[in-house]
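Please read the structure below before turning to the comments.
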Number of protein chains: 2
Amino acid sequence: MTKARSHTWQDIQQRIRQNITDGVWVPGQLIPGEVTLAAQFGCARTTVNRALRELAQTGVIDRKRKAGTRVAMMKARRVTAEIPVIRSQVEAQSQQYRFDVLKRKFDVPLVSVKTAMKLRKGSKALHIQSIHYAGAAPYIYEDRWINIQTIPQVVEVDLGQTSVNEWLVENIPFTRGEFVVEAIEANKTVARALKVADCASIIKSRRLTWIESRSVTLVNLYYAPGYQMKFEI
Amino acid sequence: MTKARSHTWQDIQQRIRQNITDGVWVPGQLIPGEVTLAAQFGCARTTVNRALRELAQTGVIDRKRKAGTRVAMMKARRVTAEIPVIRSQVEAQSQQYRFDVLKRKFDVPLVSVKTAMKLRKGSKALHIQSIHYAGAAPYIYEDRWINIQTIPQVVEVDLGQTSVNEWLVENIPFTRGEFVVEAIEANKTVARALKVADCASIIKSRRLTWIESRSVTLVNLYYAPGYQMKFEI
DNA sequence: ATTGACATTATGTACATACATAATAAAAAT
DNA sequence: ATTTTTATTATGTATGTACATAATGTCAAT
């Protein structure tokens with residue numbers, strides 16, 4: 001019996017992981033309870049609990065009260081990505097960042113935008129269109145709507161200096177939302193903005209964020225051809 | 001003084017969140033220490049710790065020993081998605097799932113594949129190409145390489161019954177890897193497989209997974225036009 | 001002024017204990 | 001046989017205590 005005398009939850013977690021990757025516990029199988037494991041590893045139950053809790057969070061195991069803990073079937077994999085502000089993305093490639101605001105205007109949004117953002121009938125929203133450049137080349141074309149009911153302060157922001165995006169992430173600290181990615185053929189507007197052919201395949205992302213039940217902003221981003229979105233598994 | 005007499009870490013977390021969204025604590029600001037907060041909320045420090053720990057994990061706050069805790073500047077947003085097995089995706093749309101294996105063969109992979117998977121020079125890998133259908137329509141075209149050094153058992157699997165993907169997720173429990181998404185124009189092979197025009201814009205994803213330092217599989221998926229990939233923020 | 005030793009401090013963790021809660025199994029009532 | 005009630009059990013959480021660790025500031029030695 002080798003005694004690795006470290007009872008950090010990370011160590012316990014590692015040993016549990018080991019049992020799974022080594023096939024000691026196979027997917028679907030019930031693993032020993034917390035008390036048993038604690039005794040086995042010679043640590044407190046709370047430590048085992050912490051180790052298991054984080055494994056459940058990342059989807060390696062499934063836990064249910066009374067039913068116990070079993071190795072996940074992994075019907076789904078969780079992928080995650082850090083989506084930095086565009087400036088950082090560009091500068092990370094050691095390229096010069098620059099952006100142009102093409103339009104900044106209060107508009108009555110399209111019905112699709114209005115319903116998505118739960119805007120009141122007839123109310124206007126701030127509509128901003130801009131191009132982000134990496135060096136001389138267009139990098140991303142941005143088409144954004146902002147709910148000025150939720151964020152009235154945004155009206156005062158000087159867009160010559162900071163992009164709305166950066167202003168928002170620095171001043172509106174906590175939002176939730178959805179992020180949808182699809183492939184499209186560039187339409188005329190987008191093609192002209194990104195300086196690509198009309199039928200070019202590009203990634204479009206659509207992000208809608210909320211504070212509580214109030215929409216903040218709806219952003220459509222059109223990425224220049226060749227853009228890769230990277231995730232971790 | 002209203003006393004919400006619940007000291008669950010979720011409640012404490014909610015109240016801390018509230019302070020951030022309400023602008024009581026602005027981005028970059030140092031917030032009170034754990035002991036202070038515990039006294040304020042009338043709970044144990046460990047409970048505050050749990051609440052703050054999870055907030056740090058999701059990137060709402062930044063913590064450093066001795067330096068204290070401050071509201072994050074949110075330079076980047078974390079997005080996550082559940083990527084289910086294709087069968088589940090199709091069946092979730094209440095459509096019939098079916099797949100065809102076009103090719104299943106041991107090949108010496110291209111150099112790009114070989115280096116990405118860290119395969120030994122000249123060694124073969126299992127190469128599988130298949131089409132996944134949603135109802136009658138092609139849904140995803142799959143081009144996969146499997147490292148048979150890592151997963152020798154896969155050679156025995158009957159591909160008529162279960163797709164390799166499903167077999168892998170059910171039998172190889174714990175892998176890490178990367179997942180890259182981009183927009184491409186369908187080439188001849190893909191276009192024929194998905195029954196779309198040659199220049200059609202489609203999403204291509206490339207997933208490479210590892211067990212420890214041994215590659216498991218490299219999968220290129222080509223999604224039918226219109227496919228949307230959804231993430232949570 | 002710079003370096004190094006040391007104290008200070010806020011977060012991080014481990015543990016024992018106690019109780020809460022959800023899901024299940026067993027027992028009782030219909 | 002079916003439903004309802006009750007007990008059981010494994011996970012989930014809260015707390016006090018103790019100590020670990022990393023980062024910072026302080027003060028003395030050079």
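For the structure tokens, the naming scheme is as follows: chains receive sequential letters (A, B, ...) according to their order of presentation, residues are indexed from 1 within each chain, and ligands are indexed from 1 in presentation order.
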
Which residues of chain B are close to chain A, meaning at most 8 Å apart when you count only C-alpha atoms, and how do they look as a ChimeraX atom specification? /B:20-21,26-27,60,72-85,169-174,176-185,200-203,225-233

DSSP on the backbone, then: every residue of range 15-229 of chain B marked helix (DSSP H, G or I), written as a PyMOL selection string. chain B and resi 15-21+34-41+45-57+86-92+111-116+152-156+164-171+188-194

Would you mind exporting the chosen residues as a PDB file, in the first residue's frame, restricted to C-alpha atoms?
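Below you can see selection-v1.pdb, which holds the result:
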```pdb
ATOM      1  CA  ARG B  15     -26.737  39.054  -3.069  1.00  0.00           C
ATOM      2  CA  ILE B  16     -23.146  39.551  -4.171  1.00  0.00           C
ATOM      3  CA  ARG B  17     -24.213  39.446  -7.805  1.00  0.00           C
ATOM      4  CA  GLN B  18     -26.888  41.987  -6.979  1.00  0.00           C
ATOM      5  CA  ASN B  19     -24.258  44.353  -5.600  1.00  0.00           C
ATOM      6  CA  ILE B  20     -22.371  44.039  -8.861  1.00  0.00           C
ATOM      7  CA  THR B  21     -25.281  44.401 -11.264  1.00  0.00           C
ATOM      8  CA  GLU B  34     -14.678  37.217   3.265  1.00  0.00           C
ATOM      9  CA  VAL B  35     -14.803  37.821   7.028  1.00  0.00           C
ATOM     10  CA  THR B  36     -16.479  41.178   6.559  1.00  0.00           C
ATOM     11  CA  LEU B  37     -19.029  39.787   4.147  1.00  0.00           C
ATOM     12  CA  ALA B  38     -19.704  36.838   6.410  1.00  0.00           C
ATOM     13  CA  ALA B  39     -20.418  39.228   9.273  1.00  0.00           C
ATOM     14  CA  GLN B  40     -22.566  41.388   6.997  1.00  0.00           C
ATOM     15  CA  PHE B  41     -24.622  38.493   5.699  1.00  0.00           C
ATOM     16  CA  ARG B  45     -16.872  32.538   6.129  1.00  0.00           C
ATOM     17  CA  THR B  46     -16.828  29.161   4.392  1.00  0.00           C
ATOM     18  CA  THR B  47     -20.223  29.923   2.907  1.00  0.00           C
ATOM     19  CA  VAL B  48     -19.058  33.269   1.553  1.00  0.00           C
ATOM     20  CA  ASN B  49     -15.961  31.514   0.253  1.00  0.00           C
ATOM     21  CA  ARG B  50     -18.063  29.012  -1.658  1.00  0.00           C
ATOM     22  CA  ALA B  51     -20.174  31.777  -3.174  1.00  0.00           C
ATOM     23  CA  LEU B  52     -17.157  33.820  -4.223  1.00  0.00           C
ATOM     24  CA  ARG B  53     -15.224  30.815  -5.479  1.00  0.00           C
ATOM     25  CA  GLU B  54     -17.911  29.942  -7.986  1.00  0.00           C
ATOM     26  CA  LEU B  55     -18.213  33.545  -9.104  1.00  0.00           C
ATOM     27  CA  ALA B  56     -14.470  33.606  -9.721  1.00  0.00           C
ATOM     28  CA  GLN B  57     -14.756  30.387 -11.698  1.00  0.00           C
ATOM     29  CA  ILE B  86     -25.474  13.468 -33.647  1.00  0.00           C
ATOM     30  CA  ARG B  87     -28.217  10.935 -33.078  1.00  0.00           C
ATOM     31  CA  SER B  88     -29.545  12.963 -30.133  1.00  0.00           C
ATOM     32  CA  GLN B  89     -29.404  16.183 -32.104  1.00  0.00           C
ATOM     33  CA  VAL B  90     -31.473  14.704 -34.890  1.00  0.00           C
ATOM     34  CA  GLU B  91     -33.926  12.961 -32.622  1.00  0.00           C
ATOM     35  CA  ALA B  92     -34.363  16.148 -30.594  1.00  0.00           C
ATOM     36  CA  VAL B 111       1.057  14.577 -43.170  1.00  0.00           C
ATOM     37  CA  SER B 112      -1.232  17.208 -41.663  1.00  0.00           C
ATOM     38  CA  VAL B 113      -3.322  14.535 -39.967  1.00  0.00           C
ATOM     39  CA  LYS B 114      -0.256  12.558 -38.926  1.00  0.00           C
ATOM     40  CA  THR B 115       1.445  15.481 -37.227  1.00  0.00           C
ATOM     41  CA  ALA B 116      -1.764  16.736 -35.622  1.00  0.00           C
ATOM     42  CA  PRO B 152      -7.115  -0.922 -30.505  1.00  0.00           C
ATOM     43  CA  GLN B 153     -10.549  -2.242 -29.449  1.00  0.00           C
ATOM     44  CA  VAL B 154     -12.274  -0.031 -32.018  1.00  0.00           C
ATOM     45  CA  VAL B 155     -11.209  -2.379 -34.797  1.00  0.00           C
ATOM     46  CA  GLU B 156     -13.732  -4.969 -33.572  1.00  0.00           C
ATOM     47  CA  VAL B 164     -18.046   5.119 -34.182  1.00  0.00           C
ATOM     48  CA  ASN B 165     -18.834   8.391 -32.506  1.00  0.00           C
ATOM     49  CA  GLU B 166     -21.358   6.809 -30.205  1.00  0.00           C
ATOM     50  CA  TRP B 167     -19.131   3.852 -29.529  1.00  0.00           C
ATOM     51  CA  LEU B 168     -16.298   6.162 -28.586  1.00  0.00           C
ATOM     52  CA  VAL B 169     -18.278   8.400 -26.258  1.00  0.00           C
ATOM     53  CA  GLU B 170     -19.736   5.390 -24.514  1.00  0.00           C
ATOM     54  CA  ASN B 171     -16.502   3.470 -24.162  1.00  0.00           C
ATOM     55  CA  LYS B 188     -16.877  18.391 -54.535  1.00  0.00           C
ATOM     56  CA  THR B 189     -16.772  15.507 -52.064  1.00  0.00           C
ATOM     57  CA  VAL B 190     -18.654  17.317 -49.363  1.00  0.00           C
ATOM     58  CA  ALA B 191     -21.133  18.846 -51.778  1.00  0.00           C
ATOM     59  CA  ARG B 192     -21.981  15.445 -53.196  1.00  0.00           C
ATOM     60  CA  ALA B 193     -22.307  13.899 -49.743  1.00  0.00           C
ATOM     61  CA  LEU B 194     -24.590  16.640 -48.440  1.00  0.00           C
TER      62      LEU B 194
END
```

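Residues of chain B having any atom within 8 Å of chain D, counting only C-alpha atoms (C1' of nucleotides), are His7, Thr8, Ala44, Thr46, Thr47, Lys64, Arg65, Lys66 and Ala67 of chain B.
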
Proximity of chain C to chain A: per-residue shortest pair, 9 Å limit, only C-alpha atoms (C1' of nucleotides), as CSV:
```
residue,atom,partner,partner_atom,distance
C:DT13,C1',A:Thr8,CA,7.5
C:DA14,C1',A:Thr47,CA,7.2
C:DC15,C1',A:Ala44,CA,6.1
C:DA16,C1',A:Ala44,CA,8.3
C:DT21,C1',A:Arg65,CA,8.3
C:DA22,C1',A:Arg65,CA,5.7
C:DA23,C1',A:Lys66,CA,5.4
C:DT24,C1',A:Lys66,CA,6.7
```

Next, the residues of the selection above should be written as a PDB file, in the first residue's frame with N, CA, C and O atoms (P, O5', C5', C4', C3', O3' and C1' of nucleotides).
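Heads up, here's the output in again-v6.pdb:
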```
ATOM      1  P    DT C  13      -8.393  25.906  -3.028  1.00  0.00           P
ATOM      2  O5'  DT C  13      -8.209  25.048  -1.716  1.00  0.00           O
ATOM      3  C5'  DT C  13      -6.904  24.707  -1.293  1.00  0.00           C
ATOM      4  C4'  DT C  13      -6.955  24.047   0.050  1.00  0.00           C
ATOM      5  C3'  DT C  13      -7.881  22.830   0.143  1.00  0.00           C
ATOM      6  O3'  DT C  13      -7.064  21.715   0.403  1.00  0.00           O
ATOM      7  C1'  DT C  13      -8.075  24.243   2.053  1.00  0.00           C
ATOM      8  P    DA C  14      -7.719  20.266   0.401  1.00  0.00           P
ATOM      9  O5'  DA C  14      -7.859  19.985   1.956  1.00  0.00           O
ATOM     10  C5'  DA C  14      -6.709  19.889   2.757  1.00  0.00           C
ATOM     11  C4'  DA C  14      -7.115  19.470   4.152  1.00  0.00           C
ATOM     12  C3'  DA C  14      -8.125  18.325   4.180  1.00  0.00           C
ATOM     13  O3'  DA C  14      -7.664  17.333   5.084  1.00  0.00           O
ATOM     14  C1'  DA C  14      -8.948  20.191   5.405  1.00  0.00           C
ATOM     15  P    DC C  15      -8.489  15.990   5.212  1.00  0.00           P
ATOM     16  O5'  DC C  15      -9.358  16.274   6.494  1.00  0.00           O
ATOM     17  C5'  DC C  15      -8.711  16.683   7.700  1.00  0.00           C
ATOM     18  C4'  DC C  15      -9.756  17.014   8.735  1.00  0.00           C
ATOM     19  C3'  DC C  15     -10.899  16.004   8.804  1.00  0.00           C
ATOM     20  O3'  DC C  15     -10.873  15.344  10.057  1.00  0.00           O
ATOM     21  C1'  DC C  15     -11.678  18.268   8.863  1.00  0.00           C
ATOM     22  P    DA C  16     -11.757  14.029  10.269  1.00  0.00           P
ATOM     23  O5'  DA C  16     -12.788  14.543  11.365  1.00  0.00           O
ATOM     24  C5'  DA C  16     -12.336  15.397  12.409  1.00  0.00           C
ATOM     25  C4'  DA C  16     -13.529  15.953  13.156  1.00  0.00           C
ATOM     26  C3'  DA C  16     -14.691  14.965  13.301  1.00  0.00           C
ATOM     27  O3'  DA C  16     -15.217  15.056  14.624  1.00  0.00           O
ATOM     28  C1'  DA C  16     -15.433  16.924  12.176  1.00  0.00           C
ATOM     29  P    DT C  21     -34.416  21.410   3.518  1.00  0.00           P
ATOM     30  O5'  DT C  21     -34.073  20.292   2.450  1.00  0.00           O
ATOM     31  C5'  DT C  21     -33.017  20.525   1.525  1.00  0.00           C
ATOM     32  C4'  DT C  21     -32.931  19.364   0.562  1.00  0.00           C
ATOM     33  C3'  DT C  21     -34.287  18.854   0.076  1.00  0.00           C
ATOM     34  O3'  DT C  21     -34.174  18.640  -1.305  1.00  0.00           O
ATOM     35  C1'  DT C  21     -33.023  17.062   0.921  1.00  0.00           C
ATOM     36  P    DA C  22     -35.459  18.717  -2.242  1.00  0.00           P
ATOM     37  O5'  DA C  22     -35.176  17.506  -3.231  1.00  0.00           O
ATOM     38  C5'  DA C  22     -33.876  17.369  -3.790  1.00  0.00           C
ATOM     39  C4'  DA C  22     -33.593  15.907  -4.055  1.00  0.00           C
ATOM     40  C3'  DA C  22     -34.724  15.162  -4.749  1.00  0.00           C
ATOM     41  O3'  DA C  22     -34.151  14.361  -5.760  1.00  0.00           O
ATOM     42  C1'  DA C  22     -34.131  14.030  -2.762  1.00  0.00           C
ATOM     43  P    DA C  23     -34.978  13.921  -6.998  1.00  0.00           P
ATOM     44  O5'  DA C  23     -34.830  12.338  -6.882  1.00  0.00           O
ATOM     45  C5'  DA C  23     -33.534  11.797  -6.794  1.00  0.00           C
ATOM     46  C4'  DA C  23     -33.606  10.458  -6.104  1.00  0.00           C
ATOM     47  C3'  DA C  23     -34.666   9.507  -6.670  1.00  0.00           C
ATOM     48  O3'  DA C  23     -34.007   8.326  -7.056  1.00  0.00           O
ATOM     49  C1'  DA C  23     -34.758   9.567  -4.321  1.00  0.00           C
ATOM     50  P    DT C  24     -34.669   7.303  -8.041  1.00  0.00           P
ATOM     51  O5'  DT C  24     -34.752   5.985  -7.153  1.00  0.00           O
ATOM     52  C5'  DT C  24     -33.606   5.618  -6.381  1.00  0.00           C
ATOM     53  C4'  DT C  24     -34.027   4.925  -5.131  1.00  0.00           C
ATOM     54  C3'  DT C  24     -34.984   3.746  -5.319  1.00  0.00           C
ATOM     55  O3'  DT C  24     -34.233   2.556  -5.226  1.00  0.00           O
ATOM     56  C1'  DT C  24     -35.446   5.041  -3.351  1.00  0.00           C
TER      57       DT C  24
END
```

As a count of residues only, which residues of range 11-74 of chain A does DSSP assign to strand (DSSP E or B)? 10

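For the atom pair formed by CA of Gln10 in chain A and CA of Thr58 in chain A, the distance is 14.1 Å, given to one decimal.
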
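The space between CA of Pro32 in chain B and CA of Trp210 in chain A spans 26.7 Å.
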
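Put simply, CA of Lys105 in chain A is 24.5 Å away from CA of Ser213 in chain A.
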